[in-house]
Amino acid sequence: MTRRAAAVAAVLALLVGCSGGDDGAADDDTGATTTTSPAPTASAPAGPEVFPGSVEDFYVVPDPLPAGEPGDLIRIQDVGETDGRATVRVMYHSTDAQGRDRAVTGVITHPTGDAPEGGWPVLSTAHGTTGVAEQCALSRTTDEAPGWGVEGVWAMTDYVGQGPVGEIHPYLSKPSEGHAVIDIVRAAGRLPDAHAGDRWVAVGHSQGGHGALSAHELSVERAPELDLVGTVALAPAAMLDRVYGGIDPIVTAVLTMMGLVGGATEHPELDPAEYLTPEALAAAEVFETGCLDEITEALVPVALGGAFVADPRQTEPARSVLLANDVGEVAVDGVPVYLASGTVDDRVVIDRVRDLFARLCAAGQVTELTVVDGADHGSILPATADAVTAWIEARLAGDEATDSCTDPGDE
């Protein structure tokens, strides 16, 4: 591999280390195929199944899928308890971009002590890129969901299509990410021992920044019974039709391939063979068998050689699907956004984040922008850790948020 390819591989590999866990690869690299769950036909069951089987068997979706509304629990599995917090693996109802009822997996961590009046706030994490196949789900291997330094119920979804056996995640799908991030908050409220309240925060980094912003924009219509108080997006994937300088053309080519192949599971009008070269189409089989490290190794050389016969970012119908999944053009009244990135991030370059900030401001979204000089895609997390905790706690306390759109000096 050339020096340039090695550099790209190193950048992409950062996604694993800064997503709050490893690539989640299981020993069984079973090939994945898309499954469609039947629509609900009856009322939801009285309570979730406490699953006694193996971790691998937990991810086999019941057939037929039991009826339920978004957020209803299908089954739970004990993960463990430590330092006054209990963690459970969950399978719950959500919906994809076509409105189909889907079983989605994740983890929920909650305090075991007494809850405050009104219940614990819920921190719903949208995780960074790990892959798109079942074995890449972080809930398969993690001990607890991220808490971001805030006391409360911590939840982390695997997204639609990542986790359940035989499925593929539609990468960077706004509905499939956003719905899953919202609906796991509902699922937390259905765990009696969690004592979750109605207030919640969406938090994400990288792909997860896109997921958190997706949930932010869909929250009012999706879950009016919940009270979203703020959204944190760190180095988020956005401006999906644009290509910037440096190694961005190679990085975005790989991610576009992931989005195209995963997106075809939701959009039958998308045929990857109409966009990918034969070499890229063959290499894309790694999406079913591997996670991020394997994807990087297989696709970086293809991207360097030219992956597209027709660029999905410029060619219909893929372009319209891509734009529909982008974020930043919808403002949510009364719900501020904290946006942060580093100046030397070559995975989500600072110009991409600045353009997203301008888009958010144009939409009228109250946004606090933090730019950390010298921070890259991974180091932006520790560099902003204290600020993120303080920002979330201020939103939960009801304090007014800073708006960098009207006071650029705060950037």
# chains A, B, ... in the order shown; residues from 1 in each chain; ligands from 1

call {"tool": "closest_atom_pairs", "arguments": {"of": "segment 106-150 of chain A", "to": "segment 208-220 of chain A", "cutoff": "8 Å", "atoms": "only C-alpha atoms", "output": "tab-separated table"}}
result
residue	atom	partner	partner_atom	distance
A:Thr125	CA	A:Ala212	CA	7.4
A:Ala126	CA	A:Gly208	CA	4.2
A:His127	CA	A:Gly208	CA	4.5
A:Gly128	CA	A:Gly208	CA	4.7
A:Thr129	CA	A:Gly208	CA	7.5

call {"tool": "write_last_selection", "arguments": {"atoms": "C-alpha atoms", "output": "mmCIF file, in the first residue's frame"}}
result
data_model
loop_
_atom_site.group_PDB
_atom_site.id
_atom_site.type_symbol
_atom_site.label_atom_id
_atom_site.label_comp_id
_atom_site.auth_asym_id
_atom_site.auth_seq_id
_atom_site.Cartn_x
_atom_site.Cartn_y
_atom_site.Cartn_z
ATOM 1 C CA THR A 125 -25.489 8.178 22.309
ATOM 2 C CA ALA A 126 -25.177 7.782 18.565
ATOM 3 C CA HIS A 127 -21.894 5.925 18.054
ATOM 4 C CA GLY A 128 -19.223 6.408 15.412
ATOM 5 C CA THR A 129 -18.554 4.151 12.443
#

call {"tool": "residues_around", "arguments": {"residues": "segment 86-96 of chain A", "least_positions_apart": "4", "cutoff": "9 Å", "atoms": "only C-alpha atoms", "output": "PDB file with C-alpha atoms, in the first residue's frame"}}
result
ATOM      1  CA  PRO A  48     -40.221  -7.678  27.353  1.00  0.00           C
ATOM      2  CA  PHE A  58     -30.023 -12.680  21.530  1.00  0.00           C
ATOM      3  CA  TYR A  59     -29.570 -11.065  18.106  1.00  0.00           C
ATOM      4  CA  VAL A  61     -34.970 -11.555  15.698  1.00  0.00           C
ATOM      5  CA  ALA A  67     -46.327  -6.376  17.456  1.00  0.00           C
ATOM      6  CA  GLY A  68     -45.231  -3.169  19.118  1.00  0.00           C
ATOM      7  CA  GLU A  69     -44.891   0.577  18.854  1.00  0.00           C
ATOM      8  CA  PRO A  70     -41.544   2.401  18.446  1.00  0.00           C
ATOM      9  CA  GLY A  71     -39.648   2.087  21.709  1.00  0.00           C
ATOM     10  CA  ASP A  72     -41.490  -0.993  22.931  1.00  0.00           C
ATOM     11  CA  LEU A  73     -39.061  -3.604  24.268  1.00  0.00           C
ATOM     12  CA  ILE A  74     -38.935  -7.001  22.585  1.00  0.00           C
ATOM     13  CA  ARG A  75     -36.366  -8.610  24.873  1.00  0.00           C
ATOM     14  CA  ILE A  76     -33.656  -7.691  27.357  1.00  0.00           C
ATOM     15  CA  GLN A  77     -30.522  -9.447  28.609  1.00  0.00           C
ATOM     16  CA  ASP A  78     -28.506  -8.684  31.716  1.00  0.00           C
ATOM     17  CA  VAL A  79     -24.962  -7.490  31.007  1.00  0.00           C
ATOM     18  CA  GLY A  80     -23.819  -6.765  34.552  1.00  0.00           C
ATOM     19  CA  GLU A  81     -23.658  -4.300  37.401  1.00  0.00           C
ATOM     20  CA  THR A  82     -20.758  -2.160  38.578  1.00  0.00           C
ATOM     21  CA  ARG A 100     -41.203  -0.647   8.319  1.00  0.00           C
ATOM     22  CA  ASP A 101     -41.265  -2.079  11.838  1.00  0.00           C
ATOM     23  CA  ARG A 102     -37.709  -3.151  12.677  1.00  0.00           C
ATOM     24  CA  ALA A 103     -36.083  -4.849  15.658  1.00  0.00           C
ATOM     25  CA  VAL A 104     -33.155  -2.702  16.814  1.00  0.00           C
ATOM     26  CA  THR A 105     -30.559  -3.563  19.453  1.00  0.00           C
ATOM     27  CA  GLY A 106     -28.499  -1.521  21.895  1.00  0.00           C
ATOM     28  CA  VAL A 107     -27.478  -1.155  25.539  1.00  0.00           C
ATOM     29  CA  ILE A 108     -28.963   0.822  28.415  1.00  0.00           C
ATOM     30  CA  THR A 109     -27.076   1.608  31.625  1.00  0.00           C
ATOM     31  CA  HIS A 110     -28.939   3.017  34.617  1.00  0.00           C
ATOM     32  CA  PRO A 111     -28.221   3.919  38.243  1.00  0.00           C
ATOM     33  CA  THR A 112     -29.354   1.392  40.818  1.00  0.00           C
ATOM     34  CA  SER A 139     -23.822  -3.761  22.072  1.00  0.00           C
ATOM     35  CA  ARG A 140     -22.367  -7.226  21.463  1.00  0.00           C
ATOM     36  CA  ASP A 143     -20.035  -3.328  29.236  1.00  0.00           C
ATOM     37  CA  GLU A 144     -22.014  -0.086  29.481  1.00  0.00           C
ATOM     38  CA  ALA A 145     -23.288   2.817  27.431  1.00  0.00           C
ATOM     39  CA  THR A 157     -28.327   2.190  19.958  1.00  0.00           C
ATOM     40  CA  VAL A 160     -31.422  -0.022  12.341  1.00  0.00           C
ATOM     41  CA  GLY A 161     -29.853  -3.039  10.634  1.00  0.00           C
ATOM     42  CA  PRO A 164     -29.772  -8.390  14.323  1.00  0.00           C
ATOM     43  CA  PRO A 170     -28.215   1.675   5.985  1.00  0.00           C
ATOM     44  CA  SER A 173     -29.606   7.070   6.760  1.00  0.00           C
ATOM     45  CA  PRO A 175     -34.428   8.112   9.501  1.00  0.00           C
ATOM     46  CA  SER A 176     -32.764   4.831  10.468  1.00  0.00           C
ATOM     47  CA  GLU A 177     -30.184   6.544  12.671  1.00  0.00           C
ATOM     48  CA  HIS A 179     -35.415   6.936  14.833  1.00  0.00           C
ATOM     49  CA  ALA A 180     -33.170   4.427  16.595  1.00  0.00           C
ATOM     50  CA  ILE A 182     -34.967   8.494  19.760  1.00  0.00           C
ATOM     51  CA  ASP A 183     -36.681   5.167  20.271  1.00  0.00           C
ATOM     52  CA  ILE A 184     -34.051   3.799  22.646  1.00  0.00           C
ATOM     53  CA  ALA A 187     -37.193   1.909  25.515  1.00  0.00           C
ATOM     54  CA  ALA A 194     -34.236   2.461  35.138  1.00  0.00           C
ATOM     55  CA  GLU A 266     -34.059   0.903   2.198  1.00  0.00           C
TER      56      GLU A 266
END

call {"tool": "select_by_dssp", "arguments": {"residues": "segment 45-171 of chain A", "states": "alpha helix (DSSP H)", "output": "PyMOL selection string"}}
result
chain A and resi 55-58

call {"tool": "atom_distance", "arguments": {"atom1": "atom CA of Val150 of chain A", "atom2": "atom CA of Glu393 of chain A"}}
result
7.1 Å

call {"tool": "closest_residue", "arguments": {"among": "A:Pro268, A:Met258, A:Met239, A:Ala401", "to": "Arg359 of chain A", "atoms": "only C-alpha atoms"}}
result
A:Met239

call {"tool": "atom_distance", "arguments": {"atom1": "atom CA of Glu167 of chain A", "atom2": "atom CA of Glu134 of chain A"}}
result
6.3 Å

call {"tool": "closest_residue", "arguments": {"among": "A:Leu123, A:Leu270, A:Ala397, A:Ile380", "to": "Leu322 of chain A", "atoms": "only C-alpha atoms"}}
result
A:Leu270

call {"tool": "select_by_dssp", "arguments": {"residues": "segment 136-205 of chain A", "states": "strand (DSSP E or B)", "output": "MDAnalysis selection string"}}
result
chainID A and resid 153:157 168 196:205

call {"tool": "closest_atom_pairs", "arguments": {"of": "segment 252-329 of chain A", "to": "segment 240-246 of chain A", "cutoff": "7 Å", "atoms": "only C-alpha atoms", "output": "JSON lines"}}
result
{"residue": "A:Arg313", "atom": "CA", "partner": "A:Asp241", "partner_atom": "CA", "distance": 5.1}
{"residue": "A:Leu322", "atom": "CA", "partner": "A:Leu240", "partner_atom": "CA", "distance": 6.7}
{"residue": "A:Leu323", "atom": "CA", "partner": "A:Leu240", "partner_atom": "CA", "distance": 7.0}
{"residue": "A:Asp326", "atom": "CA", "partner": "A:Leu240", "partner_atom": "CA", "distance": 6.2}

call {"tool": "closest_residue", "arguments": {"among": "A:Ala363, A:Ala155, A:Val132, A:Ala223", "to": "Gly328 of chain A", "atoms": "only C-alpha atoms"}}
result
A:Ala363

call {"tool": "residues_around", "arguments": {"residues": "Ser404 of chain A", "least_positions_apart": "3", "cutoff": "12 Å", "atoms": "only C-alpha atoms", "output": "number ranges by chain"}}
result
A: 336-340, 354, 357-358, 360-361, 364-371, 401, 407-411

call {"tool": "closest_residue", "arguments": {"among": "A:Val181, A:Ala238, A:Val203, A:Leu304", "to": "Glu329 of chain A", "atoms": "only C-alpha atoms"}}
result
A:Ala238

call {"tool": "closest_residue", "arguments": {"among": "A:Thr296, A:Asp351, A:Ile250, A:Ser341", "to": "Phe308 of chain A", "atoms": "only C-alpha atoms"}}
result
A:Ile250

call {"tool": "decode", "arguments": {"residues": "segment 101-116 of chain A", "atoms": "all heavy atoms", "output": "PDB file, in the first residue's frame"}}
result
ATOM      1  N   ASP A 101     -41.566  -1.707  10.463  1.00  0.00           N
ATOM      2  CA  ASP A 101     -41.265  -2.079  11.838  1.00  0.00           C
ATOM      3  C   ASP A 101     -39.997  -2.910  11.850  1.00  0.00           C
ATOM      4  O   ASP A 101     -39.907  -3.927  11.165  1.00  0.00           O
ATOM      5  CB  ASP A 101     -42.448  -2.883  12.404  1.00  0.00           C
ATOM      6  CG  ASP A 101     -42.288  -3.208  13.880  1.00  0.00           C
ATOM      7  OD1 ASP A 101     -41.536  -2.493  14.562  1.00  0.00           O
ATOM      8  OD2 ASP A 101     -42.943  -4.158  14.345  1.00  0.00           O
ATOM      9  N   ARG A 102     -38.992  -2.468  12.632  1.00  0.00           N
ATOM     10  CA  ARG A 102     -37.709  -3.151  12.677  1.00  0.00           C
ATOM     11  C   ARG A 102     -37.307  -3.411  14.124  1.00  0.00           C
ATOM     12  O   ARG A 102     -37.550  -2.587  15.016  1.00  0.00           O
ATOM     13  CB  ARG A 102     -36.616  -2.302  12.015  1.00  0.00           C
ATOM     14  CG  ARG A 102     -36.874  -1.942  10.554  1.00  0.00           C
ATOM     15  CD  ARG A 102     -36.757  -3.144   9.634  1.00  0.00           C
ATOM     16  NE  ARG A 102     -35.383  -3.617   9.560  1.00  0.00           N
ATOM     17  CZ  ARG A 102     -34.486  -3.171   8.668  1.00  0.00           C
ATOM     18  NH1 ARG A 102     -34.821  -2.215   7.802  1.00  0.00           N
ATOM     19  NH2 ARG A 102     -33.262  -3.675   8.640  1.00  0.00           N
ATOM     20  N   ALA A 103     -36.679  -4.548  14.356  1.00  0.00           N
ATOM     21  CA  ALA A 103     -36.083  -4.849  15.658  1.00  0.00           C
ATOM     22  C   ALA A 103     -34.692  -4.242  15.693  1.00  0.00           C
ATOM     23  O   ALA A 103     -33.856  -4.526  14.824  1.00  0.00           O
ATOM     24  CB  ALA A 103     -36.011  -6.354  15.873  1.00  0.00           C
ATOM     25  N   VAL A 104     -34.440  -3.386  16.677  1.00  0.00           N
ATOM     26  CA  VAL A 104     -33.155  -2.702  16.814  1.00  0.00           C
ATOM     27  C   VAL A 104     -32.552  -3.055  18.166  1.00  0.00           C
ATOM     28  O   VAL A 104     -33.287  -3.208  19.157  1.00  0.00           O
ATOM     29  CB  VAL A 104     -33.332  -1.174  16.694  1.00  0.00           C
ATOM     30  CG1 VAL A 104     -32.004  -0.445  16.871  1.00  0.00           C
ATOM     31  CG2 VAL A 104     -33.941  -0.816  15.342  1.00  0.00           C
ATOM     32  N   THR A 105     -31.230  -3.194  18.215  1.00  0.00           N
ATOM     33  CA  THR A 105     -30.559  -3.563  19.453  1.00  0.00           C
ATOM     34  C   THR A 105     -29.727  -2.407  20.000  1.00  0.00           C
ATOM     35  O   THR A 105     -29.438  -1.433  19.301  1.00  0.00           O
ATOM     36  CB  THR A 105     -29.661  -4.794  19.234  1.00  0.00           C
ATOM     37  OG1 THR A 105     -28.759  -4.526  18.148  1.00  0.00           O
ATOM     38  CG2 THR A 105     -30.502  -6.025  18.904  1.00  0.00           C
ATOM     39  N   GLY A 106     -29.327  -2.535  21.254  1.00  0.00           N
ATOM     40  CA  GLY A 106     -28.499  -1.521  21.895  1.00  0.00           C
ATOM     41  C   GLY A 106     -28.245  -1.890  23.342  1.00  0.00           C
ATOM     42  O   GLY A 106     -28.541  -3.017  23.783  1.00  0.00           O
ATOM     43  N   VAL A 107     -27.703  -0.948  24.105  1.00  0.00           N
ATOM     44  CA  VAL A 107     -27.478  -1.155  25.539  1.00  0.00           C
ATOM     45  C   VAL A 107     -28.002   0.048  26.305  1.00  0.00           C
ATOM     46  O   VAL A 107     -27.977   1.181  25.813  1.00  0.00           O
ATOM     47  CB  VAL A 107     -25.988  -1.371  25.890  1.00  0.00           C
ATOM     48  CG1 VAL A 107     -25.500  -2.713  25.398  1.00  0.00           C
ATOM     49  CG2 VAL A 107     -25.123  -0.247  25.345  1.00  0.00           C
ATOM     50  N   ILE A 108     -28.491  -0.223  27.509  1.00  0.00           N
ATOM     51  CA  ILE A 108     -28.963   0.822  28.415  1.00  0.00           C
ATOM     52  C   ILE A 108     -28.320   0.591  29.775  1.00  0.00           C
ATOM     53  O   ILE A 108     -28.361  -0.517  30.315  1.00  0.00           O
ATOM     54  CB  ILE A 108     -30.491   0.813  28.545  1.00  0.00           C
ATOM     55  CG1 ILE A 108     -31.144   1.121  27.186  1.00  0.00           C
ATOM     56  CG2 ILE A 108     -30.952   1.824  29.608  1.00  0.00           C
ATOM     57  CD1 ILE A 108     -32.661   0.987  27.190  1.00  0.00           C
ATOM     58  N   THR A 109     -27.705   1.640  30.306  1.00  0.00           N
ATOM     59  CA  THR A 109     -27.076   1.608  31.625  1.00  0.00           C
ATOM     60  C   THR A 109     -27.804   2.581  32.526  1.00  0.00           C
ATOM     61  O   THR A 109     -28.031   3.732  32.137  1.00  0.00           O
ATOM     62  CB  THR A 109     -25.590   1.999  31.525  1.00  0.00           C
ATOM     63  OG1 THR A 109     -24.915   1.076  30.655  1.00  0.00           O
ATOM     64  CG2 THR A 109     -24.919   1.983  32.894  1.00  0.00           C
ATOM     65  N   HIS A 110     -28.172   2.135  33.732  1.00  0.00           N
ATOM     66  CA  HIS A 110     -28.939   3.017  34.617  1.00  0.00           C
ATOM     67  C   HIS A 110     -28.449   2.896  36.058  1.00  0.00           C
ATOM     68  O   HIS A 110     -27.940   1.850  36.471  1.00  0.00           O
ATOM     69  CB  HIS A 110     -30.439   2.691  34.547  1.00  0.00           C
ATOM     70  CG  HIS A 110     -30.783   1.301  34.977  1.00  0.00           C
ATOM     71  ND1 HIS A 110     -30.972   0.957  36.302  1.00  0.00           N
ATOM     72  CD2 HIS A 110     -30.988   0.157  34.259  1.00  0.00           C
ATOM     73  CE1 HIS A 110     -31.279  -0.327  36.383  1.00  0.00           C
ATOM     74  NE2 HIS A 110     -31.282  -0.838  35.161  1.00  0.00           N
ATOM     75  N   PRO A 111     -28.596   3.989  36.826  1.00  0.00           N
ATOM     76  CA  PRO A 111     -28.221   3.919  38.243  1.00  0.00           C
ATOM     77  C   PRO A 111     -29.120   2.941  38.990  1.00  0.00           C
ATOM     78  O   PRO A 111     -30.307   2.775  38.651  1.00  0.00           O
ATOM     79  CB  PRO A 111     -28.450   5.356  38.740  1.00  0.00           C
ATOM     80  CG  PRO A 111     -28.456   6.196  37.514  1.00  0.00           C
ATOM     81  CD  PRO A 111     -29.036   5.344  36.435  1.00  0.00           C
ATOM     82  N   THR A 112     -28.554   2.308  39.991  1.00  0.00           N
ATOM     83  CA  THR A 112     -29.354   1.392  40.818  1.00  0.00           C
ATOM     84  C   THR A 112     -29.912   2.081  42.063  1.00  0.00           C
ATOM     85  O   THR A 112     -30.729   1.500  42.771  1.00  0.00           O
ATOM     86  CB  THR A 112     -28.510   0.178  41.244  1.00  0.00           C
ATOM     87  OG1 THR A 112     -27.339   0.642  41.927  1.00  0.00           O
ATOM     88  CG2 THR A 112     -28.110  -0.644  40.024  1.00  0.00           C
ATOM     89  N   GLY A 113     -29.463   3.313  42.316  1.00  0.00           N
ATOM     90  CA  GLY A 113     -29.953   4.047  43.482  1.00  0.00           C
ATOM     91  C   GLY A 113     -31.253   4.775  43.200  1.00  0.00           C
ATOM     92  O   GLY A 113     -31.851   4.664  42.122  1.00  0.00           O
ATOM     93  N   ASP A 114     -31.700   5.527  44.187  1.00  0.00           N
ATOM     94  CA  ASP A 114     -32.955   6.265  44.068  1.00  0.00           C
ATOM     95  C   ASP A 114     -32.838   7.343  43.001  1.00  0.00           C
ATOM     96  O   ASP A 114     -31.835   8.053  42.903  1.00  0.00           O
ATOM     97  CB  ASP A 114     -33.317   6.908  45.408  1.00  0.00           C
ATOM     98  CG  ASP A 114     -33.635   5.872  46.489  1.00  0.00           C
ATOM     99  OD1 ASP A 114     -34.006   4.740  46.110  1.00  0.00           O
ATOM    100  OD2 ASP A 114     -33.483   6.202  47.684  1.00  0.00           O
ATOM    101  N   ALA A 115     -33.906   7.483  42.220  1.00  0.00           N
ATOM    102  CA  ALA A 115     -33.951   8.485  41.162  1.00  0.00           C
ATOM    103  C   ALA A 115     -34.485   9.805  41.704  1.00  0.00           C
ATOM    104  O   ALA A 115     -35.241   9.827  42.675  1.00  0.00           O
ATOM    105  CB  ALA A 115     -34.835   8.002  40.022  1.00  0.00           C
ATOM    106  N   PRO A 116     -34.101  10.924  41.089  1.00  0.00           N
ATOM    107  CA  PRO A 116     -34.656  12.219  41.497  1.00  0.00           C
ATOM    108  C   PRO A 116     -36.124  12.325  41.084  1.00  0.00           C
ATOM    109  O   PRO A 116     -36.624  11.516  40.289  1.00  0.00           O
ATOM    110  CB  PRO A 116     -33.797  13.222  40.725  1.00  0.00           C
ATOM    111  CG  PRO A 116     -33.338  12.469  39.519  1.00  0.00           C
ATOM    112  CD  PRO A 116     -33.149  11.050  39.974  1.00  0.00           C
TER     113      PRO A 116
END
